[in-house]
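Participant: So here's protein_3.cif, just mmCIF, C-alpha atoms:
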data_run
loop_
_atom_site.label_atom_id
_atom_site.label_comp_id
_atom_site.auth_asym_id
_atom_site.auth_seq_id
_atom_site.Cartn_x
_atom_site.Cartn_y
_atom_site.Cartn_z
CA MET A 1 69.35 87.71 100.79
CA ASP A 2 68.32 85.31 103.53
CA GLY A 3 70.72 83.58 105.93
CA ALA A 4 70.49 80.17 104.23
CA ARG A 5 71.46 81.66 100.87
CA GLU A 6 74.44 83.48 102.47
CA VAL A 7 75.65 80.24 104.04
CA ASP A 8 75.24 78.50 100.69
CA PHE A 9 77.33 81.15 98.94
CA ASP A 10 80.02 81.11 101.64
CA GLU A 11 80.34 77.34 101.30
CA PHE A 12 80.36 77.62 97.51
CA TYR A 13 83.08 80.27 97.64
CA ARG A 14 85.28 78.36 100.10
CA ALA A 15 84.93 75.16 98.09
CA GLY A 16 85.82 76.71 94.72
CA ARG A 17 88.03 79.76 95.20
CA ARG A 18 91.39 77.98 95.01
CA ARG A 19 90.36 75.85 92.07
CA MET A 20 89.09 78.97 90.28
CA LEU A 21 92.30 80.87 91.05
CA GLY A 22 94.39 78.04 89.58
CA TYR A 23 92.24 78.00 86.45
CA VAL A 24 92.40 81.76 85.90
CA TYR A 25 96.11 81.85 86.71
CA VAL A 26 96.71 79.42 83.86
CA LEU A 27 94.61 81.64 81.58
CA THR A 28 96.35 84.90 82.49
CA GLY A 29 99.85 83.84 83.54
CA ASP A 30 99.75 86.55 86.21
CA ILE A 31 98.79 85.66 89.78
CA VAL A 32 97.78 89.22 90.71
CA GLU A 33 95.61 89.53 87.61
CA ALA A 34 94.13 86.10 88.33
CA GLN A 35 93.26 87.13 91.89
CA ASP A 36 91.52 90.28 90.64
CA VAL A 37 89.58 88.36 88.00
CA VAL A 38 88.48 85.63 90.41
CA GLN A 39 87.41 88.20 92.96
CA GLU A 40 85.35 90.05 90.35
CA ALA A 41 83.74 86.82 89.12
CA PHE A 42 82.74 85.80 92.64
CA VAL A 43 81.39 89.28 93.35
CA ARG A 44 79.18 88.98 90.30
CA ALA A 45 78.04 85.54 91.45
CA TRP A 46 77.23 86.95 94.91
CA GLN A 47 75.21 89.77 93.35
CA ARG A 48 73.17 87.24 91.37
CA TRP A 49 73.27 84.40 93.88
CA ALA A 50 69.48 84.11 94.04
CA THR A 51 69.63 82.97 90.40
CA VAL A 52 73.15 81.52 90.08
CA GLY A 53 72.75 79.48 93.26
CA ARG A 54 69.91 77.53 91.62
CA TYR A 55 71.95 76.52 88.57
CA PRO A 56 72.95 72.84 88.41
CA ASP A 57 76.64 73.89 88.35
CA PRO A 58 77.17 77.45 89.64
CA GLU A 59 80.92 77.01 89.42
CA SER A 60 80.71 76.67 85.65
CA TRP A 61 78.89 80.02 85.57
CA VAL A 62 81.69 81.60 87.61
CA ARG A 63 84.30 79.98 85.34
CA VAL A 64 82.66 81.44 82.22
CA VAL A 65 82.38 84.87 83.83
CA ALA A 66 86.01 84.75 85.00
CA ALA A 67 87.21 83.77 81.54
CA ARG A 68 85.23 86.60 79.97
CA ILE A 69 86.63 89.11 82.47
CA ALA A 70 90.17 87.88 81.79
CA ILE A 71 89.66 88.12 78.03
CA SER A 72 88.16 91.58 78.33
CA ARG A 73 91.14 92.79 80.37
CA TRP A 74 93.55 91.19 77.90
CA ARG A 75 91.80 92.95 75.01
CA GLY A 76 92.04 96.25 76.86
CA ARG A 77 95.78 95.81 77.39
CA ARG A 78 96.22 94.80 73.75
CA SER A 79 94.31 97.90 72.59
CA ARG A 80 96.43 100.15 74.79
CA ALA A 81 99.59 98.49 73.44
CA ARG A 82 98.43 99.08 69.86
CA ALA A 83 97.65 102.71 70.60
CA TYR A 84 101.06 103.11 72.19
CA ALA A 85 102.74 101.52 69.15
CA ARG A 86 100.70 103.68 66.79
CA HIS A 87 101.31 106.98 68.59
CA GLY A 88 104.71 106.25 70.09
CA ALA A 89 106.10 107.18 73.43
CA ASP A 90 105.38 110.51 75.02
CA ARG A 91 107.94 113.10 74.12
CA PRO A 92 110.26 113.92 76.99
CA VAL A 93 109.46 117.13 78.82
CA ASP A 94 112.24 119.68 79.10
CA GLY A 95 113.45 120.36 82.60
CA PRO A 96 113.04 123.74 84.23
CA THR A 97 115.19 126.59 82.98
CA PRO A 98 117.73 128.21 85.33
CA ASP A 99 115.38 131.22 85.60
CA THR A 100 112.50 128.98 86.68
CA VAL A 101 114.68 127.28 89.27
CA ALA A 102 115.77 130.69 90.61
CA LEU A 103 112.14 131.91 90.74
CA VAL A 104 110.96 128.82 92.61
CA ASP A 105 113.86 129.15 95.03
CA ALA A 106 112.97 132.82 95.63
CA LEU A 107 109.28 131.97 96.11
CA ARG A 108 110.20 129.38 98.73
CA GLN A 109 111.87 132.12 100.75
CA LEU A 110 108.68 134.21 100.95
CA PRO A 111 106.16 133.86 103.76
CA ALA A 112 103.43 131.36 102.88
CA ASN A 113 100.67 133.99 102.77
CA GLN A 114 102.58 136.12 100.23
CA ARG A 115 103.49 133.07 98.17
CA THR A 116 99.83 131.96 98.14
CA ALA A 117 98.58 135.38 97.10
CA LEU A 118 101.15 135.60 94.29
CA ALA A 119 100.35 132.09 93.02
CA LEU A 120 96.60 132.66 93.05
CA HIS A 121 96.91 136.02 91.31
CA TYR A 122 99.70 135.43 88.78
CA VAL A 123 99.53 131.69 88.15
CA LEU A 124 95.77 131.17 88.30
CA GLY A 125 94.80 134.68 87.24
CA MET A 126 92.39 135.19 90.13
CA PRO A 127 91.14 138.71 90.88
CA VAL A 128 92.06 140.24 94.24
CA ALA A 129 88.47 140.02 95.53
CA ASP A 130 88.33 136.27 94.80
CA ILE A 131 91.67 135.72 96.53
CA ALA A 132 90.38 137.61 99.58
CA ARG A 133 87.27 135.44 99.67
CA GLU A 134 89.24 132.19 99.24
CA THR A 135 91.89 133.02 101.84
CA ASP A 136 89.35 134.62 104.20
CA VAL A 137 91.12 137.98 104.52
CA ALA A 138 90.28 141.55 103.56
CA VAL A 139 90.91 142.83 100.03
CA GLY A 140 93.44 145.32 101.44
CA THR A 141 95.35 142.45 103.04
CA VAL A 142 95.58 140.64 99.71
CA LYS A 143 96.83 143.82 98.02
CA ALA A 144 99.46 144.26 100.73
CA ARG A 145 100.59 140.65 100.41
CA LEU A 146 100.87 141.00 96.64
CA SER A 147 102.83 144.25 96.96
CA ARG A 148 105.19 142.90 99.62
CA GLY A 149 105.60 139.64 97.76
CA ARG A 150 106.50 141.40 94.51
CA ALA A 151 109.00 143.64 96.31
CA ALA A 152 110.61 140.67 98.06
CA LEU A 153 110.79 138.72 94.79
CA ALA A 154 112.36 141.70 93.01
CA GLN A 155 115.04 141.85 95.70
CA LEU A 156 115.61 138.08 95.67
CA MET A 157 115.68 137.96 91.87
CA SER A 158 118.04 140.95 91.46
CA ASP A 159 121.13 140.37 89.33
CA ASP A 160 123.40 140.50 92.40
CA ASN A 161 121.41 137.79 94.24
CA LEU A 162 121.15 135.63 91.12
CA ALA A 163 124.89 135.85 90.53
CA GLU A 164 125.46 134.81 94.14
CA VAL A 165 123.11 131.84 93.70
CA ASN A 166 124.86 130.79 90.50
CA ARG A 167 128.28 130.96 92.19
CA GLY A 168 127.11 128.93 95.19
#
Please express the file's structure as structure tokens.
Facilitator:
Amino acid sequence: MDGAREVDFDEFYRAGRRRMLGYVYVLTGDIVEAQDVVQEAFVRAWQRWATVGRYPDPESWVRVVAARIAISRWRGRRSRARAYARHGADRPVDGPTPDTVALVDALRQLPANQRTALALHYVLGMPVADIARETDVAVGTVKARLSRGRAALAQLMSDDNLAEVNRG
């Protein structure tokens, strides 16, 4: 786009942006939505300014585009509202069980490298060789971390330690 066209668009934008915002605000009833719509309409005008700039009334083109964008967004919200009404609210998710809370608490007490090895192996199901490659350590190191991590978890999750946690 040449410099003269850019100046023309800048002048066009400055002259009409507030008027367009007022118009779209009345259409949408939401100032933030109106700002987004007006911005999108002017972006589209800028992208096509070589053509739109030659129209007898480029502002009317922007007004039509802005109205169509606003209507399209309104239809999208209406469709989502219908889907929500049709399918209902998401069912609430149950909170963690006491055992899960105790396990997470025990995992937090482990060194990060053991915790990582355990999570990759038992949560994600990764083989030891893949864990070694991902964490950039030897296979033997991963095996040691898994072994030490399991032993530490067993100690932390023993009935005596769990009873102490539940009392505290």
Participant: Between CA of Asp130 in chain A and CA of Asp105 in chain A, what is the distance, to one decimal in Å?
Facilitator: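 These two atoms are separated by 26.5 Å.
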Participant: Which one is closest to Leu103 in chain A: A:Arg86, A:Arg150, A:Arg73, A:Arg80? Count all atoms listed in the file.
Facilitator: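 The answer is A:Arg150, which sits nearest to Leu103 in chain A.
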Participant: What separation in Å, quoted to one decimal, exists between CA of Arg148 in chain A and CA of Thr135 in chain A?
Facilitator: 16.7 Å
Participant: Would you pick out the contacts of range 8-23 of chain A at 12 Å or less, using only C-alpha atoms, so that residues sharing its chain but fewer than 2 positions from it are not included, and give the list as a compact mmCIF listing (two decimals) with C-alpha atoms, keeping the file's coordinate frame?
Facilitator:
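After the write, part.txt holds the following:
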# COMPACT_ATOMS: atom_id res chain seq x y z
CA MET A 1 69.35 87.71 100.79
CA ASP A 2 68.32 85.31 103.53
CA GLY A 3 70.72 83.58 105.93
CA ALA A 4 70.49 80.17 104.23
CA ARG A 5 71.46 81.66 100.87
CA GLU A 6 74.44 83.48 102.47
CA TYR A 25 96.11 81.85 86.71
CA VAL A 26 96.71 79.42 83.86
CA LEU A 27 94.61 81.64 81.58
CA THR A 28 96.35 84.90 82.49
CA GLY A 29 99.85 83.84 83.54
CA ASP A 30 99.75 86.55 86.21
CA ILE A 31 98.79 85.66 89.78
CA VAL A 32 97.78 89.22 90.71
CA GLU A 33 95.61 89.53 87.61
CA ALA A 34 94.13 86.10 88.33
CA GLN A 35 93.26 87.13 91.89
CA ASP A 36 91.52 90.28 90.64
CA VAL A 37 89.58 88.36 88.00
CA VAL A 38 88.48 85.63 90.41
CA GLN A 39 87.41 88.20 92.96
CA GLU A 40 85.35 90.05 90.35
CA ALA A 41 83.74 86.82 89.12
CA PHE A 42 82.74 85.80 92.64
CA VAL A 43 81.39 89.28 93.35
CA ARG A 44 79.18 88.98 90.30
CA ALA A 45 78.04 85.54 91.45
CA TRP A 46 77.23 86.95 94.91
CA GLN A 47 75.21 89.77 93.35
CA ARG A 48 73.17 87.24 91.37
CA TRP A 49 73.27 84.40 93.88
CA ALA A 50 69.48 84.11 94.04
CA THR A 51 69.63 82.97 90.40
CA VAL A 52 73.15 81.52 90.08
CA GLY A 53 72.75 79.48 93.26
CA ARG A 54 69.91 77.53 91.62
CA ASP A 57 76.64 73.89 88.35
CA PRO A 58 77.17 77.45 89.64
CA GLU A 59 80.92 77.01 89.42
CA SER A 60 80.71 76.67 85.65
CA TRP A 61 78.89 80.02 85.57
CA VAL A 62 81.69 81.60 87.61
CA ARG A 63 84.30 79.98 85.34
CA VAL A 64 82.66 81.44 82.22
CA VAL A 65 82.38 84.87 83.83
CA ALA A 66 86.01 84.75 85.00
CA ALA A 67 87.21 83.77 81.54
CA ALA A 70 90.17 87.88 81.79
Participant: What does the distance between CA of Ala129 in chain A and CA of Val142 in chain A come to in Å, to one decimal place?
Facilitator: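 Interatomic distance here is 8.3 Å.
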Participant: Identify, on the basis of only C-alpha atoms, every residue whose closest approach to Thr141 in chain A does not exceed 12 Å; exclude the query and any residue fewer than 2 positions from it along the same chain; express the result as a VMD selection string.
Facilitator: chain A and resid 113 to 114 117 128 to 129 131 to 133 135 to 139 143 to 149
Participant: Ranking A:Val24, A:Arg78, A:His87, A:Ser158 by minimum distance to Ala102 in chain A and counting all atoms listed in the file, which one comes first?
Facilitator: A:Ser158
Participant: Go ahead and fit an axis-aligned box to every listed atom of range 139-143 of chain A plus 8 Å each side, and pass me the centre and edge lengths in Å, one decimal, as lines of an AutoDock Vina configuration file.
Facilitator:
center_x = 93.9
center_y = 143.0
center_z = 100.5
size_x = 21.9
size_y = 20.7
size_z = 21.0
